[in-house]
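Below is protein14.cif, which holds mmCIF, C-alpha atoms.
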data_data
loop_
_atom_site.label_atom_id
_atom_site.label_comp_id
_atom_site.auth_asym_id
_atom_site.auth_seq_id
_atom_site.Cartn_x
_atom_site.Cartn_y
_atom_site.Cartn_z
CA MET A 18 131.25 123.51 25.50
CA GLN A 19 130.73 123.40 29.25
CA ASP A 20 128.69 120.25 29.45
CA ILE A 21 129.83 117.24 27.41
CA ARG A 22 126.27 115.89 27.40
CA LYS A 23 125.18 118.84 25.28
CA ALA A 24 126.74 117.05 22.31
CA LEU A 25 124.04 114.42 22.64
CA TYR A 26 121.26 116.99 22.80
CA VAL A 27 121.29 118.10 19.19
CA GLY A 28 117.95 117.93 17.46
CA SER A 29 116.45 119.33 14.33
CA ARG A 30 113.41 121.50 13.94
CA SER A 31 110.70 120.60 11.44
CA ASP A 32 112.29 122.98 8.92
CA GLY A 33 115.58 121.09 9.24
CA ARG A 34 117.54 123.65 11.26
CA LEU A 35 119.77 122.17 13.95
CA ILE A 36 118.88 123.24 17.48
CA GLN A 37 119.92 122.26 20.96
CA ARG A 38 117.23 120.17 22.67
CA PRO A 39 116.37 121.18 26.23
CA MET A 40 117.77 119.09 29.07
CA SER A 41 115.48 118.07 31.88
CA PRO A 42 116.50 119.77 35.14
CA HIS A 43 117.96 117.67 37.95
CA LEU A 44 115.88 116.55 40.89
CA GLN A 45 117.08 119.25 43.28
CA ILE A 46 115.90 121.97 40.89
CA TYR A 47 112.26 121.18 41.59
CA ARG A 48 110.45 122.69 44.56
CA TYR A 49 109.73 120.14 47.27
CA ARG A 50 106.25 118.63 47.13
CA LEU A 51 104.83 115.93 49.41
CA SER A 52 103.41 114.12 46.38
CA MET A 53 106.87 113.45 44.95
CA VAL A 54 108.01 111.82 48.20
CA LEU A 55 104.81 109.75 48.36
CA SER A 56 105.27 108.69 44.73
CA ILE A 57 108.79 107.31 45.15
CA SER A 58 107.81 105.90 48.56
CA ASN A 59 105.24 103.68 46.87
CA ARG A 60 108.06 102.10 44.87
CA LEU A 61 110.45 101.84 47.81
CA THR A 62 107.82 100.27 50.06
CA GLY A 63 106.96 97.86 47.24
CA VAL A 64 110.56 96.64 47.22
CA ALA A 65 110.64 96.52 51.04
CA ALA A 66 107.34 94.61 51.12
CA THR A 67 108.77 92.08 48.66
CA ALA A 68 111.89 91.62 50.82
CA GLY A 69 109.62 91.13 53.84
CA ALA A 70 107.49 88.62 51.95
CA ALA A 71 110.65 86.69 51.09
CA LEU A 72 111.53 86.58 54.81
CA GLY A 73 107.96 85.43 55.50
CA VAL A 74 108.40 82.57 53.04
CA PHE A 75 111.67 81.61 54.76
CA TRP A 76 109.79 81.57 58.07
CA LEU A 77 107.14 79.28 56.57
CA ALA A 78 109.79 77.04 55.02
CA ALA A 79 111.52 76.81 58.42
CA ALA A 80 108.23 75.71 59.98
CA ALA A 81 107.81 73.12 57.23
CA LYS A 82 111.37 71.83 57.69
CA GLY A 83 111.04 71.05 61.37
CA PRO A 84 111.18 72.23 64.99
CA LYS A 85 114.93 72.88 64.89
CA SER A 86 114.76 75.25 61.89
CA PHE A 87 111.70 76.90 63.38
CA GLU A 88 113.63 77.59 66.60
CA THR A 89 116.26 79.40 64.48
CA ALA A 90 113.53 81.44 62.80
CA ARG A 91 112.05 82.22 66.24
CA LYS A 92 115.43 83.59 67.30
CA VAL A 93 115.12 86.13 64.47
CA THR A 94 111.47 87.03 65.02
CA GLY A 95 111.92 87.08 68.79
CA ASN A 96 114.81 89.52 69.16
CA PRO A 97 114.52 93.32 68.98
CA VAL A 98 116.36 93.69 65.64
CA GLY A 99 114.13 91.08 64.03
CA GLN A 100 111.04 92.74 65.45
CA LEU A 101 112.18 96.08 64.11
CA LEU A 102 112.42 94.42 60.68
CA LEU A 103 108.92 92.98 61.12
CA VAL A 104 107.53 96.40 62.04
CA GLY A 105 109.30 97.88 58.99
CA TRP A 106 107.74 95.19 56.79
CA LEU A 107 104.32 95.86 58.27
CA ALA A 108 104.61 99.64 57.78
CA SER A 109 105.83 99.11 54.19
CA VAL A 110 102.91 96.83 53.39
CA VAL A 111 100.47 99.29 54.97
CA TYR A 112 101.84 102.26 53.03
CA HIS A 113 102.05 100.29 49.77
CA THR A 114 98.43 99.23 50.31
CA VAL A 115 97.33 102.83 50.94
CA GLY A 116 99.32 104.01 47.91
CA GLY A 117 97.94 101.15 45.84
CA ILE A 118 94.35 102.02 46.74
CA ARG A 119 95.06 105.63 45.74
CA HIS A 120 96.42 104.37 42.40
CA LEU A 121 93.29 102.26 41.83
CA ILE A 122 91.14 105.33 42.60
CA TRP A 123 93.18 107.45 40.15
CA ASP A 124 92.93 104.73 37.51
CA SER A 125 89.14 104.81 37.88
CA GLY A 126 89.25 108.52 37.11
CA TYR A 127 88.72 110.02 40.57
CA ARG A 128 90.71 112.30 42.91
CA TYR A 129 93.26 113.05 40.18
CA ASP A 130 93.07 116.85 40.24
CA LYS A 131 96.10 118.69 41.61
CA THR A 132 94.14 120.08 44.55
CA GLU A 133 92.65 116.68 45.37
CA ILE A 134 96.03 114.95 45.21
CA ASN A 135 97.56 117.58 47.49
CA LYS A 136 94.65 117.18 49.91
CA ASP A 137 94.81 113.37 49.97
CA GLY A 138 98.58 113.12 50.49
CA PRO A 139 98.65 114.06 54.19
CA VAL A 140 95.61 111.81 54.75
CA ALA A 141 97.57 108.88 53.27
CA VAL A 142 100.48 109.63 55.62
CA GLY A 143 98.13 109.85 58.63
CA VAL A 144 96.30 106.62 57.78
CA THR A 145 99.60 104.78 57.26
CA ALA A 146 101.05 106.01 60.55
CA GLY A 147 97.87 105.23 62.49
CA VAL A 148 97.18 101.77 61.05
CA SER A 149 100.86 100.75 61.27
CA THR A 150 101.19 101.85 64.90
CA VAL A 151 97.99 100.14 66.02
CA LEU A 152 98.73 96.89 64.15
CA ALA A 153 102.39 96.75 65.20
CA GLY A 154 101.55 97.44 68.85
CA ALA A 155 98.72 94.91 68.93
CA LEU A 156 100.66 92.17 67.11
CA LEU A 157 103.80 92.57 69.24
CA GLY A 158 101.60 92.65 72.35
CA VAL A 159 99.77 89.45 71.40
CA ALA A 160 102.98 87.65 70.43
CA GLY A 161 104.83 88.76 73.57
CA GLY A 162 101.91 87.81 75.81
CA ARG A 163 101.63 84.35 74.29
CA ALA A 164 105.38 83.72 74.56
CA ARG A 165 105.38 84.83 78.19
CA SER A 166 102.43 82.67 79.20
CA ARG A 167 104.05 79.67 77.53
CA ALA A 168 107.31 80.29 79.38
CA LYS A 169 105.34 80.48 82.66
CA ALA A 170 103.52 77.22 81.85
CA ARG A 171 106.84 75.56 81.09
CA LYS A 172 108.26 76.71 84.44
CA ALA A 173 105.17 75.49 86.31
CA GLY A 174 105.09 72.15 84.48
CA MET B 7 98.90 100.92 -12.14
CA ASN B 8 100.17 102.38 -8.92
CA ALA B 9 99.02 99.43 -6.78
CA SER B 10 102.59 98.27 -6.26
CA VAL B 11 103.92 101.65 -5.16
CA SER B 12 105.68 101.13 -1.85
CA HIS B 13 104.30 103.00 1.08
CA ILE B 14 104.83 103.09 4.83
CA GLU B 15 102.81 100.34 6.46
CA VAL B 16 104.21 100.66 9.96
CA MET B 17 104.74 104.02 11.65
CA ARG B 18 108.15 102.97 12.87
CA SER B 19 111.63 103.51 11.49
CA GLN B 20 113.20 100.55 9.70
CA LEU B 21 116.24 100.73 11.97
CA GLY B 22 113.97 100.60 15.01
CA ARG B 23 112.19 97.53 13.62
CA ALA B 24 115.47 95.79 12.85
CA ARG B 25 116.76 96.39 16.35
CA GLY B 26 113.46 95.33 17.89
CA LEU B 27 113.09 98.60 19.74
CA GLY B 28 109.94 100.47 20.54
CA ALA B 29 106.65 99.37 22.06
CA GLY B 30 106.46 95.63 22.66
CA GLY B 31 102.66 95.62 22.47
CA SER B 32 102.36 93.94 25.86
CA GLY B 33 102.02 97.07 28.00
CA VAL B 34 98.26 97.01 28.46
CA GLY B 35 98.28 93.38 29.61
CA HIS B 36 101.05 94.14 32.11
CA TRP B 37 99.16 97.17 33.42
CA TRP B 38 95.95 95.19 33.92
CA ALA B 39 97.72 92.23 35.54
CA GLU B 40 99.37 94.62 37.99
CA ARG B 41 96.02 96.18 38.99
CA VAL B 42 94.08 92.91 39.18
CA SER B 43 96.74 91.24 41.33
CA ALA B 44 96.85 94.37 43.53
CA ALA B 45 93.08 94.20 44.05
CA ALA B 46 93.31 90.47 44.83
CA LEU B 47 96.03 91.13 47.40
CA LEU B 48 93.77 93.46 49.44
CA PRO B 49 91.56 90.67 50.93
CA LEU B 50 94.42 88.13 50.93
CA SER B 51 96.83 90.29 52.92
CA THR B 52 94.03 91.36 55.29
CA TRP B 53 93.39 87.66 55.94
CA PHE B 54 97.10 87.16 56.64
CA VAL B 55 97.24 90.02 59.16
CA VAL B 56 94.22 88.55 60.98
CA GLN B 57 95.93 85.13 61.02
CA MET B 58 99.05 86.71 62.51
CA PHE B 59 96.96 87.78 65.49
CA ARG B 60 96.11 84.09 66.01
CA LEU B 61 99.69 82.99 65.39
CA GLY B 62 101.88 85.68 66.99
CA GLY B 63 104.33 83.98 69.38
CA ALA B 64 103.04 80.50 68.47
CA ASP B 65 105.33 77.47 68.81
CA HIS B 66 106.22 75.01 66.05
CA ALA B 67 103.35 72.55 66.64
CA GLU B 68 100.76 75.33 66.50
CA VAL B 69 102.15 76.73 63.23
CA VAL B 70 102.23 73.26 61.62
CA LYS B 71 98.65 72.59 62.74
CA TRP B 72 97.55 76.00 61.41
CA GLY B 73 99.27 75.59 58.03
CA GLY B 74 97.91 72.07 57.58
CA LYS B 75 94.24 73.15 57.59
CA PRO B 76 92.81 73.11 54.03
CA VAL B 77 91.34 76.64 54.12
CA ASN B 78 94.53 78.13 55.58
CA ALA B 79 96.68 76.26 53.06
CA THR B 80 94.49 77.49 50.19
CA MET B 81 94.56 81.12 51.32
CA LEU B 82 98.28 80.95 52.06
CA THR B 83 99.09 79.52 48.62
CA ALA B 84 96.89 82.11 46.91
CA LEU B 85 98.58 84.87 48.93
CA ILE B 86 102.10 83.63 48.12
CA ILE B 87 101.46 83.19 44.38
CA THR B 88 99.68 86.56 44.02
CA THR B 89 102.31 88.37 46.11
CA PHE B 90 105.28 87.16 44.09
CA TYR B 91 103.43 87.54 40.78
CA HIS B 92 102.67 91.17 41.68
CA ALA B 93 106.20 91.71 43.02
CA GLN B 94 107.70 90.32 39.83
CA MET B 95 105.77 92.78 37.70
CA GLY B 96 106.51 95.72 39.99
CA LEU B 97 110.23 94.96 40.18
CA GLN B 98 110.31 94.51 36.40
CA VAL B 99 109.04 98.08 35.93
CA ILE B 100 111.67 99.38 38.36
CA VAL B 101 114.43 97.50 36.49
CA ASP B 102 113.10 98.84 33.16
CA ASP B 103 113.23 102.39 34.55
CA TYR B 104 116.61 102.40 36.24
CA VAL B 105 118.83 99.69 34.70
CA HIS B 106 120.13 100.54 31.25
CA GLY B 107 122.42 99.03 28.66
CA LYS B 108 123.95 95.58 28.88
CA ALA B 109 122.90 95.04 32.48
CA HIS B 110 119.20 95.41 31.68
CA LEU B 111 118.37 91.95 30.33
CA PRO B 112 120.38 89.93 32.89
CA THR B 113 118.88 91.96 35.76
CA ARG B 114 115.39 91.39 34.43
CA ILE B 115 115.95 87.64 34.13
CA LEU B 116 117.44 87.52 37.64
CA VAL B 117 114.35 89.29 39.03
CA LYS B 118 112.13 86.74 37.27
CA ILE B 119 114.14 83.77 38.56
CA GLY B 120 114.46 85.16 42.09
CA THR B 121 110.79 85.99 42.64
CA SER B 122 109.70 82.71 41.01
CA LEU B 123 111.99 80.58 43.18
CA ILE B 124 110.99 82.26 46.44
CA GLY B 125 107.33 81.92 45.50
CA LEU B 126 107.82 78.23 44.72
CA LEU B 127 109.61 77.73 48.04
CA GLY B 128 106.55 79.18 49.79
CA VAL B 129 104.17 76.92 47.86
CA PHE B 130 106.18 73.79 48.67
CA ALA B 131 106.45 74.80 52.32
CA VAL B 132 102.64 74.89 52.43
CA ILE B 133 102.43 71.48 50.71
CA LYS B 134 104.85 70.06 53.29
CA LEU B 135 102.76 71.51 56.14
CA VAL B 136 99.59 69.94 54.71
CA ALA B 137 101.36 66.58 54.40
CA ALA B 138 102.67 66.85 57.97
CA GLY B 139 99.16 67.60 59.25
CA ASN B 140 97.85 64.47 57.52
CA SER B 141 100.57 62.16 58.88
CA GLN B 142 99.99 63.44 62.43
CA LYS B 143 96.33 62.50 62.29
CA SER B 144 96.79 58.93 61.09
#
Rewritten as structure tokens:
Amino acid sequence: MQDIRKALYVGSRSDGRLIQRPMSPHLQIYRYRLSMVLSISNRLTGVAATAGAALGVFWLAAAAKGPKSFETARKVTGNPVGQLLLVGWLASVVYHTVGGIRHLIWDSGYRYDKTEINKDGPVAVGVTAGVSTVLAGALLGVAGGRARSRAKARKAG
Amino acid sequence: MNASVSHIEVMRSQLGRARGLGAGGSGVGHWWAERVSAAALLPLSTWFVVQMFRLGGADHAEVVKWGGKPVNATMLTALIITTFYHAQMGLQVIVDDYVHGKAHLPTRILVKIGTSLIGLLGVFAVIKLVAAGNSQKS
């Protein structure tokens, strides 16, 4: 026996004869498809979005605790590493939303043919990239602008 | 005469029943709850992104003032509860798929406790902000 797992793959046919059940091939056996990356990405971005939401709650709790805690939170959201995390959270939420909408459409019985799924996949990637870039750029721009103008006002006052 | 002849009432092996394996009967409810909370999160998270445009780079006083407003506090609480409810169900499916054996049940309970506690922290943070907004006014 070459593969020890084969011992666990013994089944019986309806006439009672013992046969070896087929093993499912490993992941790298399958030909690459965009849809399989998008499928697992919906899960991964769901986990990432949850982690981001937890950080968001910590930010809110810091604001509720007081100015000192909020300053600590600002140190995270204000520095480049923290902002990279925020952009990652945003992109995850955007993709998970796009993927979620696709799931709701499939559940309603639409766009679930192979050709339709293969057509919609690149659209989902494009929409995610576009919306994420625009939102991230605009939000970071607004936040940076507000922080700068406040620093200027503080210097003047 | 043959009324008392035993027959199979449940299409499930006796060993499976004894071990409590097989379908739990709660799958459809879980599926629906996942979809409904997902649909509810669409407007709620859109609202949050819009609010972040108002709040990006804000200082502590501005955030406290924002969180203390009744409409903001309501939307924020709804967003937090729905988010962590949805996350809990999603993470549960992932744990069910990938964690096997003895580790399965503890992991599932940890996911439940973790998401619940973080959600509660968010809710109480909002309550504190509302209270702070009230005390500032008076």
**Message:** Evaluate the PyMOL selection byres ((chain B) within 6 of (chain A)) against this structure - the residues, as number ranges by chain, please.
**Reply:** B: 59, 62-63, 66, 128, 131, 134-135
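Running the PyMOL selection byres ((chain B and resi 49-58) around 8) on this file leaves Leu156 of chain A; Ala45, Ala46, Leu47, Leu48, Phe59, Arg60, Leu61, Gly62, Met81, Leu82, Ala84 and Leu85 of chain B selected.
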If you take every atom of segment 131-139 of chain B that the file lists and fit an axis-aligned box around them with 5 Å extra on each side, what centre and edge lengths come out in Å to one decimal, as AutoDock Vina command-line options?
--center_x 102.8 --center_y 70.7 --center_z 55.0 --size_x 17.3 --size_y 18.3 --size_z 18.5
**Complete:** Here atom CA of Tyr26 of chain A and atom CA of Gly33 of chain B stand apart by 28.2 Å
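With distances taken over all atoms listed in the file, A:Val104 is the one residue among A:Ala170, A:Val104, A:Gly116, A:Tyr129 lying closest to Thr150 of chain A.
For the atom pair formed by atom CA of Thr145 of chain A and atom CA of Ala108 of chain A, the distance is 7.2 Å, given to one decimal.
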**Request:** Using atom CA of Thr113 of chain B and atom CA of Ala29 of chain B as the two end points, give the distance in Å to one decimal.
**Result:** 19.8 Å
**Exercise: Met95 of chain B partners within 12 Å, only C-alpha atoms, chain neighbours under 6 positions left out, as an MDAnalysis selection string** = (chainID A and resid 60 63:64 67) or (chainID B and resid 33 35:44 88:89 101:102 114:115 117:118 121:122)
**Request:** Could you give me, as a ChimeraX atom specification, the residues that have an atom at most 7 Å away from the point (99.7, 72.1, 57.4) in the coordinates of the file, using all atoms listed in the file?
**Result:** /B:70-75,79,132,134-139
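Minimum atom-to-atom distance to His113 of chain A, evaluated using all atoms listed in the file, belongs to B:Gly96 out of B:Gly120, B:Gly125, B:Gly96, B:Gly107.
Nearest-residue note for Val148 of chain A: choosing from A:Ser125, A:Asn135, A:Ser109, A:Ser56, the minimum distance belongs to A:Ser109, counting all atoms listed in the file.
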